[in-house]
file work-v4.cif (mmCIF, C-alpha atoms)
data_data
#
loop_
_atom_site.group_PDB
_atom_site.id
_atom_site.type_symbol
_atom_site.label_atom_id
_atom_site.label_comp_id
_atom_site.auth_asym_id
_atom_site.auth_seq_id
_atom_site.Cartn_x
_atom_site.Cartn_y
_atom_site.Cartn_z
ATOM 1 C CA MET H 1 77.714 179.029 103.925
ATOM 2 C CA GLU H 2 75.894 180.974 101.176
ATOM 3 C CA GLY H 3 73.419 178.114 100.752
ATOM 4 C CA ILE H 4 72.520 178.210 104.447
ATOM 5 C CA ASN H 5 71.954 181.972 104.264
ATOM 6 C CA LEU H 6 69.676 181.530 101.269
ATOM 7 C CA VAL H 7 67.656 178.851 103.076
ATOM 8 C CA LEU H 8 67.340 181.024 106.189
ATOM 9 C CA LEU H 9 66.225 184.034 104.135
ATOM 10 C CA THR H 10 63.682 181.882 102.323
ATOM 11 C CA ILE H 11 62.303 180.542 105.611
ATOM 12 C CA LEU H 12 62.130 184.060 107.083
ATOM 13 C CA GLY H 13 60.352 185.302 103.955
ATOM 14 C CA ILE H 14 57.786 182.517 104.098
ATOM 15 C CA LEU H 15 57.206 183.100 107.824
ATOM 16 C CA GLY H 16 56.827 186.851 107.203
ATOM 17 C CA ILE H 17 54.279 186.320 104.438
ATOM 18 C CA ALA H 18 52.384 183.822 106.603
ATOM 19 C CA ALA H 19 52.347 186.273 109.538
ATOM 20 C CA ILE H 20 50.960 189.067 107.334
ATOM 21 C CA TYR H 21 48.323 186.696 105.906
ATOM 22 C CA VAL H 22 47.193 185.608 109.384
ATOM 23 C CA TYR H 23 47.122 189.223 110.635
ATOM 24 C CA PHE H 24 45.169 190.406 107.560
ATOM 25 C CA SER H 25 42.674 187.543 107.737
ATOM 26 C CA TYR H 26 42.137 187.752 111.486
ATOM 27 C CA THR H 27 41.662 191.531 111.538
ATOM 28 C CA LEU H 28 39.307 191.272 108.548
ATOM 29 C CA MET H 29 37.312 188.641 110.440
ATOM 30 C CA ILE H 30 37.118 190.938 113.509
ATOM 31 C CA ILE H 31 36.028 193.886 111.324
ATOM 32 C CA GLY H 32 33.323 191.640 109.814
ATOM 33 C CA LYS H 33 32.179 190.637 113.282
ATOM 34 C CA LYS H 34 32.032 194.240 114.525
ATOM 35 C CA THR H 35 30.074 195.352 111.455
ATOM 36 C CA LYS H 36 27.733 192.372 111.863
ATOM 37 C CA THR H 37 28.649 191.022 108.442
ATOM 38 C CA GLY H 38 28.007 187.286 108.284
ATOM 39 C CA GLU H 39 30.221 184.561 106.840
ATOM 40 C CA LYS H 40 33.325 185.502 108.826
ATOM 41 C CA TRP H 41 35.069 182.414 107.422
ATOM 42 C CA MET H 42 35.410 184.298 104.116
ATOM 43 C CA ALA H 43 38.149 186.412 105.688
ATOM 44 C CA TRP H 44 40.485 183.396 105.547
ATOM 45 C CA ILE H 45 40.126 182.411 101.876
ATOM 46 C CA PRO H 46 42.281 184.250 99.305
ATOM 47 C CA PHE H 47 40.253 186.081 96.629
ATOM 48 C CA VAL H 48 37.042 185.399 98.580
ATOM 49 C CA GLN H 49 38.467 187.997 100.967
ATOM 50 C CA TYR H 50 37.877 190.622 98.273
ATOM 51 C CA TYR H 51 34.201 189.691 98.118
ATOM 52 C CA TYR H 52 34.032 189.864 101.912
ATOM 53 C CA ILE H 53 35.694 193.301 101.983
ATOM 54 C CA CYS H 54 33.091 194.550 99.490
ATOM 55 C CA LYS H 55 30.337 192.996 101.583
ATOM 56 C CA ILE H 56 31.610 194.693 104.750
ATOM 57 C CA GLY H 57 31.878 197.993 102.851
ATOM 58 C CA LYS H 58 28.329 197.570 101.482
ATOM 59 C CA LYS H 59 29.533 197.737 97.887
ATOM 60 C CA PRO H 60 28.325 195.614 94.950
ATOM 61 C CA THR H 61 30.003 192.257 94.400
ATOM 62 C CA TRP H 62 31.479 193.322 91.062
ATOM 63 C CA TRP H 63 33.633 195.900 92.899
ATOM 64 C CA MET H 64 35.890 193.030 93.945
ATOM 65 C CA SER H 65 37.251 193.219 90.402
ATOM 66 C CA PHE H 66 39.080 196.401 91.433
ATOM 67 C CA PHE H 67 41.281 194.260 93.701
ATOM 68 C CA ILE H 68 41.927 191.661 91.005
ATOM 69 C CA ILE H 69 42.218 193.545 87.692
ATOM 70 C CA PRO H 70 45.468 195.524 88.266
ATOM 71 C CA PRO H 71 47.715 192.534 89.068
ATOM 72 C CA VAL H 72 46.140 190.453 86.294
ATOM 73 C CA ILE H 73 46.602 193.183 83.698
ATOM 74 C CA ASN H 74 50.127 193.845 84.931
ATOM 75 C CA ASN H 75 51.004 190.170 84.395
ATOM 76 C CA ILE H 76 49.316 190.074 81.000
ATOM 77 C CA SER H 77 51.287 193.136 79.916
ATOM 78 C CA ASN H 78 54.458 191.064 80.261
ATOM 79 C CA TYR H 79 53.270 188.935 77.327
ATOM 80 C CA ILE H 80 51.341 191.356 75.147
ATOM 81 C CA SER H 81 51.982 194.970 74.381
ATOM 82 C CA LEU H 82 49.745 197.300 76.349
ATOM 83 C CA ASN H 83 50.002 201.054 76.451
ATOM 84 C CA SER H 84 51.560 202.126 79.764
ATOM 85 C CA ILE H 85 49.107 205.026 80.007
ATOM 86 C CA VAL H 86 46.197 202.576 79.838
ATOM 87 C CA LEU H 87 47.822 200.393 82.526
ATOM 88 C CA SER H 88 48.382 203.421 84.737
ATOM 89 C CA LEU H 89 44.782 204.606 84.329
ATOM 90 C CA ILE H 90 43.384 201.178 85.166
ATOM 91 C CA THR H 91 45.574 200.999 88.276
ATOM 92 C CA ILE H 92 44.625 204.508 89.413
ATOM 93 C CA ILE H 93 40.908 203.909 88.894
ATOM 94 C CA SER H 94 41.071 200.582 90.732
ATOM 95 C CA THR H 95 43.000 202.155 93.604
ATOM 96 C CA VAL H 96 40.401 204.916 93.984
ATOM 97 C CA TYR H 97 37.608 202.349 94.200
ATOM 98 C CA VAL H 98 39.508 200.207 96.731
ATOM 99 C CA VAL H 99 40.054 203.298 98.895
ATOM 100 C CA MET H 100 36.330 204.088 98.619
ATOM 101 C CA ILE H 101 35.516 200.603 99.913
ATOM 102 C CA TRP H 102 37.815 201.068 102.928
ATOM 103 C CA MET H 103 36.311 204.533 103.540
ATOM 104 C CA ASN H 104 32.868 202.926 103.735
ATOM 105 C CA ILE H 105 34.194 200.295 106.126
ATOM 106 C CA ALA H 106 35.654 203.049 108.342
ATOM 107 C CA GLU H 107 32.293 204.835 108.365
ATOM 108 C CA ARG H 108 30.530 201.588 109.275
ATOM 109 C CA ARG H 109 32.891 201.329 112.249
ATOM 110 C CA LYS H 110 31.862 204.910 113.231
ATOM 111 C CA MET H 111 35.290 206.332 112.373
ATOM 112 C CA SER H 112 36.423 209.035 110.003
ATOM 113 C CA LYS H 113 36.131 207.872 106.419
ATOM 114 C CA TRP H 114 39.531 209.464 105.767
ATOM 115 C CA LEU H 115 41.056 206.552 107.633
ATOM 116 C CA GLY H 116 40.488 204.640 104.390
ATOM 117 C CA LEU H 117 43.261 206.677 102.769
ATOM 118 C CA MET H 118 45.760 204.673 104.806
ATOM 119 C CA GLU H 119 45.136 201.883 102.293
ATOM 120 C CA LEU H 120 47.429 203.796 99.938
ATOM 121 C CA VAL H 121 50.502 203.463 102.158
ATOM 122 C CA PRO H 122 52.237 200.108 102.644
ATOM 123 C CA ILE H 123 52.403 199.035 106.303
ATOM 124 C CA ALA H 124 49.965 201.860 107.163
ATOM 125 C CA ASN H 125 47.241 199.808 105.492
ATOM 126 C CA LEU H 126 47.896 197.025 108.001
ATOM 127 C CA VAL H 127 47.809 199.564 110.840
ATOM 128 C CA MET H 128 44.488 200.851 109.458
ATOM 129 C CA MET H 129 43.053 197.345 109.591
ATOM 130 C CA GLY H 130 44.180 197.030 113.205
ATOM 131 C CA ILE H 131 42.534 200.334 114.075
ATOM 132 C CA LEU H 132 39.297 199.266 112.374
ATOM 133 C CA ALA H 133 39.348 195.871 114.060
ATOM 134 C CA TYR H 134 40.440 196.706 117.595
ATOM 135 C CA SER H 135 39.025 200.171 118.204
ATOM 136 C CA LYS H 136 36.351 200.293 120.896
ATOM 137 C CA LYS H 137 33.923 202.251 118.692
#
call {"tool": "encode", "arguments": {"input": "work-v4.cif", "output": "structure tokens"}}
result
Amino acid sequence: MEGINLVLLTILGILGIAAIYVYFSYTLMIIGKKTKTGEKWMAWIPFVQYYYICKIGKKPTWWMSFFIIPPVINNISNYISLNSIVLSLITIISTVYVVMIWMNIAERRKMSKWLGLMELVPIANLVMMGILAYSKK
């Protein structure tokens, strides 16, 4: 019986992750369409999505590194000794830049830039994307 529960939980987890991926990609594609940002197919490719988010937010391409650096450094720190203060600073700086990108996207959608702060809160960041994608503005 425990094996069946584990399989069911695994299947539910995979379905949940897939649903979030589809929601994220589709809303990003709609945001790109409403901001008249070309290459909407980029919304569906992992890591390329970061480039597309920067493109929608009218930020330089190298800003996509702010999405990628924190998880990479966090994984590297498992194998080499890194000062936790340095890790925290890198994460904070990256988070500020990611929020700035979403603030620009909100402004491009003619909404309050403060909507971009929702990126800081899990689940609320998905709601923010829905607002940016499906709002009539």
call {"tool": "closest_residue", "arguments": {"input": "work-v4.cif", "among": "H:Met111, H:Val98, H:Ile85, H:Leu117", "to": "Ile131 in chain H", "atoms": "all atoms listed in the file"}}
result
H:Met111
call {"tool": "atom_distance", "arguments": {"input": "work-v4.cif", "atom1": "CA of Leu87 in chain H", "atom2": "CA of Pro70 in chain H"}}
result
7.9 Å
call {"tool": "residues_around", "arguments": {"input": "work-v4.cif", "residues": "Gly57 in chain H", "least_positions_apart": "6", "cutoff": "8 Å", "atoms": "all atoms listed in the file", "output": "number ranges by chain"}}
result
H: 101-105, 108
call {"tool": "resolve_selection", "arguments": {"input": "work-v4.cif", "expression": "the PyMOL selection byres ((chain H and resi 73) around 12)", "output": "PyMOL selection string"}}
result
chain H and resi 65-72+74-84+86-91+94
call {"tool": "write_last_selection", "arguments": {"input": "work-v4.cif", "atoms": "C-alpha atoms", "output": "PDB file, in the frame of the given file"}}
result
ATOM      1  CA  SER H  65      37.251 193.219  90.402  1.00  0.00           C
ATOM      2  CA  PHE H  66      39.080 196.401  91.433  1.00  0.00           C
ATOM      3  CA  PHE H  67      41.281 194.260  93.701  1.00  0.00           C
ATOM      4  CA  ILE H  68      41.927 191.661  91.005  1.00  0.00           C
ATOM      5  CA  ILE H  69      42.218 193.545  87.692  1.00  0.00           C
ATOM      6  CA  PRO H  70      45.468 195.524  88.266  1.00  0.00           C
ATOM      7  CA  PRO H  71      47.715 192.534  89.068  1.00  0.00           C
ATOM      8  CA  VAL H  72      46.140 190.453  86.294  1.00  0.00           C
ATOM      9  CA  ASN H  74      50.127 193.845  84.931  1.00  0.00           C
ATOM     10  CA  ASN H  75      51.004 190.170  84.395  1.00  0.00           C
ATOM     11  CA  ILE H  76      49.316 190.074  81.000  1.00  0.00           C
ATOM     12  CA  SER H  77      51.287 193.136  79.916  1.00  0.00           C
ATOM     13  CA  ASN H  78      54.458 191.064  80.261  1.00  0.00           C
ATOM     14  CA  TYR H  79      53.270 188.935  77.327  1.00  0.00           C
ATOM     15  CA  ILE H  80      51.341 191.356  75.147  1.00  0.00           C
ATOM     16  CA  SER H  81      51.982 194.970  74.381  1.00  0.00           C
ATOM     17  CA  LEU H  82      49.745 197.300  76.349  1.00  0.00           C
ATOM     18  CA  ASN H  83      50.002 201.054  76.451  1.00  0.00           C
ATOM     19  CA  SER H  84      51.560 202.126  79.764  1.00  0.00           C
ATOM     20  CA  VAL H  86      46.197 202.576  79.838  1.00  0.00           C
ATOM     21  CA  LEU H  87      47.822 200.393  82.526  1.00  0.00           C
ATOM     22  CA  SER H  88      48.382 203.421  84.737  1.00  0.00           C
ATOM     23  CA  LEU H  89      44.782 204.606  84.329  1.00  0.00           C
ATOM     24  CA  ILE H  90      43.384 201.178  85.166  1.00  0.00           C
ATOM     25  CA  THR H  91      45.574 200.999  88.276  1.00  0.00           C
ATOM     26  CA  SER H  94      41.071 200.582  90.732  1.00  0.00           C
TER      27      SER H  94
END
call {"tool": "resolve_selection", "arguments": {"input": "work-v4.cif", "expression": "the PyMOL selection byres ((chain H and resi 27) around 10)", "output": "short mmCIF file (atom, residue, chain, number, x, y, z; two decimals) with C-alpha atoms, in the frame of the given file"}}
result
data_model
loop_
_atom_site.label_atom_id
_atom_site.label_comp_id
_atom_site.auth_asym_id
_atom_site.auth_seq_id
_atom_site.Cartn_x
_atom_site.Cartn_y
_atom_site.Cartn_z
CA TYR H 21 48.32 186.70 105.91
CA VAL H 22 47.19 185.61 109.38
CA TYR H 23 47.12 189.22 110.64
CA PHE H 24 45.17 190.41 107.56
CA SER H 25 42.67 187.54 107.74
CA TYR H 26 42.14 187.75 111.49
CA LEU H 28 39.31 191.27 108.55
CA MET H 29 37.31 188.64 110.44
CA ILE H 30 37.12 190.94 113.51
CA ILE H 31 36.03 193.89 111.32
CA GLY H 32 33.32 191.64 109.81
CA LYS H 33 32.18 190.64 113.28
CA ALA H 43 38.15 186.41 105.69
CA LEU H 126 47.90 197.02 108.00
CA MET H 128 44.49 200.85 109.46
CA MET H 129 43.05 197.34 109.59
CA GLY H 130 44.18 197.03 113.20
CA ILE H 131 42.53 200.33 114.08
CA LEU H 132 39.30 199.27 112.37
CA ALA H 133 39.35 195.87 114.06
CA TYR H 134 40.44 196.71 117.60
#
call {"tool": "atom_distance", "arguments": {"input": "work-v4.cif", "atom1": "CA of Arg109 in chain H", "atom2": "CA of Ala18 in chain H"}}
result
26.8 Å
